[in-house]
Every structure is written in structure tokens, then in C-alpha cells.
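Visitor: This is the structure I want to talk about, given as C-alpha cells.
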Amino acid sequence: MNAIAAEWIKLRTLRSTWWAVGIGVLTSLALTVLGAATVISRWAPDRTGDHAAMGVVVAVYVGVILAQLPLGMLGTMAISGEHTSGMIDMTFVATPSRARVLTAKAAVLSGVAVVGSLLIAVPGYLYGRFVAAEFQPSFLPAGAWTVIAGGTLMIVVTTLLGLALGMVLRNGAVATAALVGIVLMLPFVANMFSWGDVVNRFLPTYPALQLIEQVPDIMPTWTAFTVLAGWAVIPLLIGVFTGRRSAGRP
Amino acid sequence: MRDGTGVADREGVIEVIGLTRRFKQTCAVDDLSFTVSPGMITGFLGANGAGKTTTMRLILGLDRPTAGRATVHGVPYRELRRPLTQVGALLDATAVQGGRLAKQHLGWLARSNGISRGRIPGLLELVGLGDVGHKRVGGFSLGMKQRLGLAAALLGDPEVLLLDEPVNGLDPEGIRWMRGLLKSLAAEGRTVLVSSHLMHEMAVTADHLIVIGRGRLLADAKITDLVRPDASLEDVFMEIIEGSAR
């Protein structure tokens, strides 16, 4: 717990953290508000309450797609900033276990990502219900939980992927470029080819977008969750492994 | 106290045994063995690039030795529990993130080892940064960063101190202050290892000297044994270095 508390102090005492979270939340909320207003105004009048509530939830998590990049960069900075300044040495002098440091960073960043997604989702949801009031939306239909879980996992995964890339690549600019490449460029490029669906199944973006109902289903829901969870865990394990090799135990 | 013959004895708090660190082409630390005893200041002397910093990084578990080992109280650094309460280290004082306030920098370090943050104001006062604890570290001069680094090293009230070139960037008054502080820490029975390439400074600070060159041990003796009436420490140091080159 000491390591987690220390990482939380480190994260909250840098202004860049609040810039990243603020930009992510505000741009996402803006997109949600715009999206909800335009989409809901076009709904057919015979929409049921469940249907309307589902529509609101889906509109809310469109915003989270935008927030994942600033938070992914926050993940990258959380470690690359220490490599650039050299402060990583003090971190390891204070907490010699590389795995413990990385786990603590991952725990703190996950918490920030979840809170960030809630800061987008809760006001967005309330606003959406307000706009869709005439359809009398129900509270949260069963299908909404997949969207909520998928959208939350998406932002957590991108944040942790940023951390892992920062750990392995050490240079903030390179790690950020790699993050954008994996999350945005590769799925976009893959889409232009006939085999794109095959590749996209293994990248983090398509499964996430499928879970939040933004793209057609090409895999079962549980597969999408598994692939996403894999992108949260496996790059971090690679980070711990390479960290051990470069400056690790004999 | 030890007799200054450089033979490892039971009093060695820091023990370095056959320590070797080879990088691709060069051997930064070459079969180095020495011990550091409590209650005195041990100067760790060598020219630039002699391997002082690499040795200190190996002792702190920041780098992996090619061969040999280094222990503190008989244990590899990485196996120490709450290490800051046992070993205080000052490496590169400029290796801090400038966006944090001085007290925040010490805050995360204290929290990482479960050390009370109540110690921070007093420590900032001790190192002469009492007025700037709420200022961003990025605006600090090198001397102020060295003082902050020393506060970080003292945070856990450790028995062992490893300080890499702590007087770099300090003004004459600061150097004098640092010397007095290190002497009082040693007088309390702590183990103090201070690296430097400044011979005059070491001559008036250290009780015992470990001299290395090209990663190898050149001398390990009491300072009174090294300095003769007819030769300054600088002369002796140059003799040792030249002797090793032959």
C-alpha cells in the first residue's frame, strides 16, 4: 500500500495530470452533449423506455472514446517523465521491486481512468435523460451494462497500455506515437483491407468499439472482453520482464 | 574501529565483494572489494569515470553486477524492507521532476516507505530550505537541489548514507556546512560513504579513504596513513593513480 500511496502523491502533484484528465473529460463531455442532442432529436416517436435508455447510454460512451487518448498519454508520462528526469532511480531506491512500482502505478492510473470515465458518463447520462425525457427512458436496461463495462474497460486499457509502452520504450514521444499507432492508426489501416476484420479482432480498438455498440459485431461479447483485458495485462507483463532484464535481478 | 589495513572485518556495514560490472567494451567496475565501517566518514575517491557512480548504483541495486555482490548489513539492497529507513542515498541531485514542490517531492518519498511526513518541515529546515519548501523544485539552483537530495537521503533517519558528489554546486559556505553535517552524522555512529573527485575536500572531511581507478581498488586506508608531512593528499592521489597506470 505504501507504493500505491506514493504513486498517487506523485501523480496528483504534477499539473500535467490535471491537464490530461481535464482535457479528456471536457472534450468528451462536449462530444456527448453534441451527440446526444443531435441523435435523440432524430429518434422515432414510438421508441420504448428501454430503447431510449439504451440510446442514451450508447451516446454517453461515444464521448469516452475521445478521453482515452489524453489518459493514455497520462499513463505514458507517469513513467517516461521519470526516465527523462532520472527520478526513476529514486523511485527504485525507495521501492526496489520493479514489479511493485509498476503495479502501484497501474493501480493508481486505473483508478484515475475509472473516475475520469465516471466524470464523463454520469453527467452525460443525466443530460441524455433530460433531452430524451419525452420517451420516458427506463433506468438502466440489461444491455446497458455491457456498454458501461466495455467503455470503462476501454479507457482503463488505453491508460495501462500507455504506461506499459512508457515503461518499455522510456521515451515519452516514442511511446505516445506507439500508443496512437496501436489505438488509432492500425485499426484504421486494417479497415482498408479485406483481412482487416481478422487483424482487428486482436487489436484493442475494435473489441472496445463493438462493446460500446459503435461498430457491427464480428466476435462474441466475451471474446471482445477477453481481448481488451489482454491488452491491459500482457503489455504490463512485458514491461516488468524487460525492466528486469535491463536493470533487474542477476 | 578498524585498523585501516583494508581487510574485511565484521564491522563492515557496506560490503563489496569481487564486484564487477562490464559494459559492452569497458569494464566500469573490475573485481572491486572493500568494506565501509560505521562511525566515520569514508571518502570514495577516483578520477572522473573511475567507476564511483557505477559502484554506488550497484550497491543500491540500480544496476546488475556482472559478477560479485554488494550488501548492506549483510543483505543485498533489494531485499531490504523499507530501505529508506536503513540507507539514505544521494545520487544525481538534478534527477527530480521540476513540477513538484520541494515538500511534495519529499512527501512521496516518505510515503513510499511509510515514513511520517511530519519529519519533512524539520528536515527542510536542517538543510537550509525551510523557506522554499512550498516552491517548485524546477526553480532550484544546483546547490539547492543538493540540499534537497540530502534531505531526501536523511528522510528515513538511516544508519547508512551513500552520497555521490554531494558538494557539487554548493558554495563555499554550503561546502563547509555539508562537511560539518556529515561529521556530526558520522559522530552519531552512522556509516557515511561519500564519493568525490575533490581531493582537498576529502582531505579535510574523510577519516578513511577508498581510492579507485578504472574500476579497480587502488588504495583503502586511513587518511592519516596516506597523508605524509611532505606530501598533500593530492600528491599522494596522483602517485597512486600513476602507480596504477604503470
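Simple scheme: letters A, B, ... for chains in C-alpha cells order, numbers from 1 for residues in each chain, numbers from 1 for ligands in the order shown.
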Residues near Thr32 in chain A, anyone? I mean within 10 Å using only C-alpha atoms, not counting same-chain ones fewer than 6 positions away, as a list in words.
Guide: Leu26, Thr38, Val56, Val58, Ala59, Val60, Tyr61, Val62, Gly63, Val64, Leu66, Ile120, Ala121, Pro123, Gly124, Tyr125, Tyr127 and Gly128 of chain A
Visitor: May I ask you to extract the residues of chain B within 7 Å of chain A, using only C-alpha atoms, and to give them as a ChimeraX atom specification?
Guide: /B:60,62-64,78,83-84,95-97,99-100,104,108-109,111-114
Visitor: Might you pull out every residue within 9 Å of Ala20 in chain A, with only C-alpha atoms counted and same-chain residues fewer than 6 positions away left off, and present them as a list in words?
Guide: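 Surrounding residues, per the criterion: Ala67, Leu69, Pro70, Leu71, Met73 and Leu74 of chain A.
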Visitor: Identify, on the basis of only C-alpha atoms, every residue whose closest approach to range 236-238 of chain B does not exceed 9 Å; exclude the query and any residue fewer than 5 positions from it along the same chain; express the result as a PDB file with N, CA and C atoms, in the first residue's frame.
Guide:
```pdb
ATOM      1  N   LEU B  45      37.165   7.917  -3.537  1.00  0.00           N
ATOM      2  CA  LEU B  45      37.875   8.861  -4.382  1.00  0.00           C
ATOM      3  C   LEU B  45      38.268   8.212  -5.705  1.00  0.00           C
ATOM      4  N   GLY B  46      38.213   8.990  -6.739  1.00  0.00           N
ATOM      5  CA  GLY B  46      38.654   8.488  -8.039  1.00  0.00           C
ATOM      6  C   GLY B  46      38.462   9.558  -9.078  1.00  0.00           C
ATOM      7  N   MET B 199      40.065  16.329  -4.061  1.00  0.00           N
ATOM      8  CA  MET B 199      40.970  15.801  -3.049  1.00  0.00           C
ATOM      9  C   MET B 199      41.080  16.671  -1.814  1.00  0.00           C
ATOM     10  N   VAL B 211      40.260   4.492  -2.686  1.00  0.00           N
ATOM     11  CA  VAL B 211      40.611   5.117  -3.964  1.00  0.00           C
ATOM     12  C   VAL B 211      40.482   4.079  -5.062  1.00  0.00           C
ATOM     13  N   LEU B 226      47.745   7.929   4.742  1.00  0.00           N
ATOM     14  CA  LEU B 226      48.010   8.324   3.359  1.00  0.00           C
ATOM     15  C   LEU B 226      48.749   9.656   3.280  1.00  0.00           C
ATOM     16  N   VAL B 227      48.348  10.582   4.148  1.00  0.00           N
ATOM     17  CA  VAL B 227      48.924  11.919   4.046  1.00  0.00           C
ATOM     18  C   VAL B 227      50.208  11.984   4.869  1.00  0.00           C
ATOM     19  N   ARG B 228      51.307  12.302   4.198  1.00  0.00           N
ATOM     20  CA  ARG B 228      52.589  12.451   4.879  1.00  0.00           C
ATOM     21  C   ARG B 228      52.879  13.942   5.021  1.00  0.00           C
ATOM     22  N   ALA B 231      53.860  15.542   1.766  1.00  0.00           N
ATOM     23  CA  ALA B 231      53.032  15.429   0.561  1.00  0.00           C
ATOM     24  C   ALA B 231      51.564  15.649   0.905  1.00  0.00           C
ATOM     25  N   GLY B 243      50.933   5.222 -10.285  1.00  0.00           N
ATOM     26  CA  GLY B 243      51.428   3.891  -9.952  1.00  0.00           C
ATOM     27  C   GLY B 243      50.582   2.806 -10.593  1.00  0.00           C
TER      28      GLY B 243
END
```
Visitor: Excluding range 171-182 of chain A and residues on its chain fewer than 5 positions from it, collect all residues at most 10 Å away from it, counting only C-alpha atoms, and give them as a PyMOL selection string.
Guide: chain A and resi 69-70+72-84+158-159+161-166+187-189+203-205
Visitor: Taking the DSSP secondary structure from the backbone, can you list the residues of range 32-244 of chain B that are strand (DSSP E or B), as number ranges by chain?
Guide: B: 32-36, 40-45, 67-72, 75, 87-90, 101, 136, 160-164, 191-196, 208-213, 216-222, 228, 231
Visitor: Using only C-alpha atoms, which residues sit within 10 Å of range 170-179 of chain B once same-chain residues fewer than 2 positions away are excluded, as a PyMOL selection string?
Guide: chain B and resi 41+127-128+141-147+150+166-168+181-185+201-202+204-206
Visitor: Which polymer residues have any atom within 12 Å of an atom of Leu123 in chain B, counting only C-alpha atoms, with same-chain residues fewer than 4 positions away left out, as JSON, numbers by chain?
Guide: {"B": [102, 103, 106, 107, 110, 116, 117, 118, 119, 127, 128, 129, 130, 131, 133, 147, 148, 149, 150, 151, 152, 153, 154, 155, 156, 157]}
Visitor: Suppose you want the space between CA of Pro65 in chain B and CA of Leu198 in chain B; what is it in Å?
Guide: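 Computed distance, CA of Pro65 in chain B to CA of Leu198 in chain B, equals 26.9 Å.
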Visitor: Can you work out which one of B:Ser232, B:Thr26, B:Thr42, B:Thr54 has the shortest atom-to-atom distance to Thr191 in chain B, counting only C-alpha atoms?
Guide: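 Going through B:Ser232, B:Thr26, B:Thr42, B:Thr54 one by one, the smallest distance to Thr191 in chain B is for B:Thr42.
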Visitor: Among range 28-172 of chain B, which ones does DSSP place in helix (DSSP H, G or I), written as a PyMOL selection string?
Guide: chain B and resi 52-59+77-79+83-85+102-112+119-126+137-139+142-154+172
Visitor: Counting only C-alpha atoms, which of B:Lys222, B:His105, B:Arg190, B:Arg69 gets nearest to Gly39 in chain B?
Guide: B:Arg190
Visitor: Rounded to one decimal in Å, what is the spacing between CA of Leu237 in chain A and CA of Ala113 in chain A?
Guide: 19.6 Å
Visitor: As an exercise, work out the distance from CA of Arg216 in chain B to CA of Ile17 in chain B in Å and give it to one decimal place.
Guide: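 These two atoms are separated by 12.2 Å.
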Visitor: At a cut-off of 9 Å, can you tabulate as a tab-separated table every residue of range 110-166 of chain A near range 207-220 of chain A together with its closest atom pair and the distance in Å to one decimal, using only C-alpha atoms and ordering rows by chain then number?
Guide:
```
residue	atom	partner	partner_atom	distance
A:Ala144	CA	A:Ile212	CA	8.8
A:Thr146	CA	A:Leu211	CA	6.4
A:Val147	CA	A:Ile212	CA	4.4
A:Ile148	CA	A:Ile212	CA	7.4
A:Ala149	CA	A:Leu211	CA	8.2
A:Gly150	CA	A:Leu211	CA	5.2
A:Gly151	CA	A:Ile212	CA	6.0
A:Leu153	CA	A:Ala208	CA	7.9
A:Met154	CA	A:Ala208	CA	5.7
```
Visitor: Go through A:Val198, A:Val157, A:Leu119, A:Ala190 and flag the residue nearest Trp231 in chain A, using only C-alpha atoms for the distances.
Guide: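 Using only C-alpha atoms, Trp231 in chain A sits closest to A:Val157.
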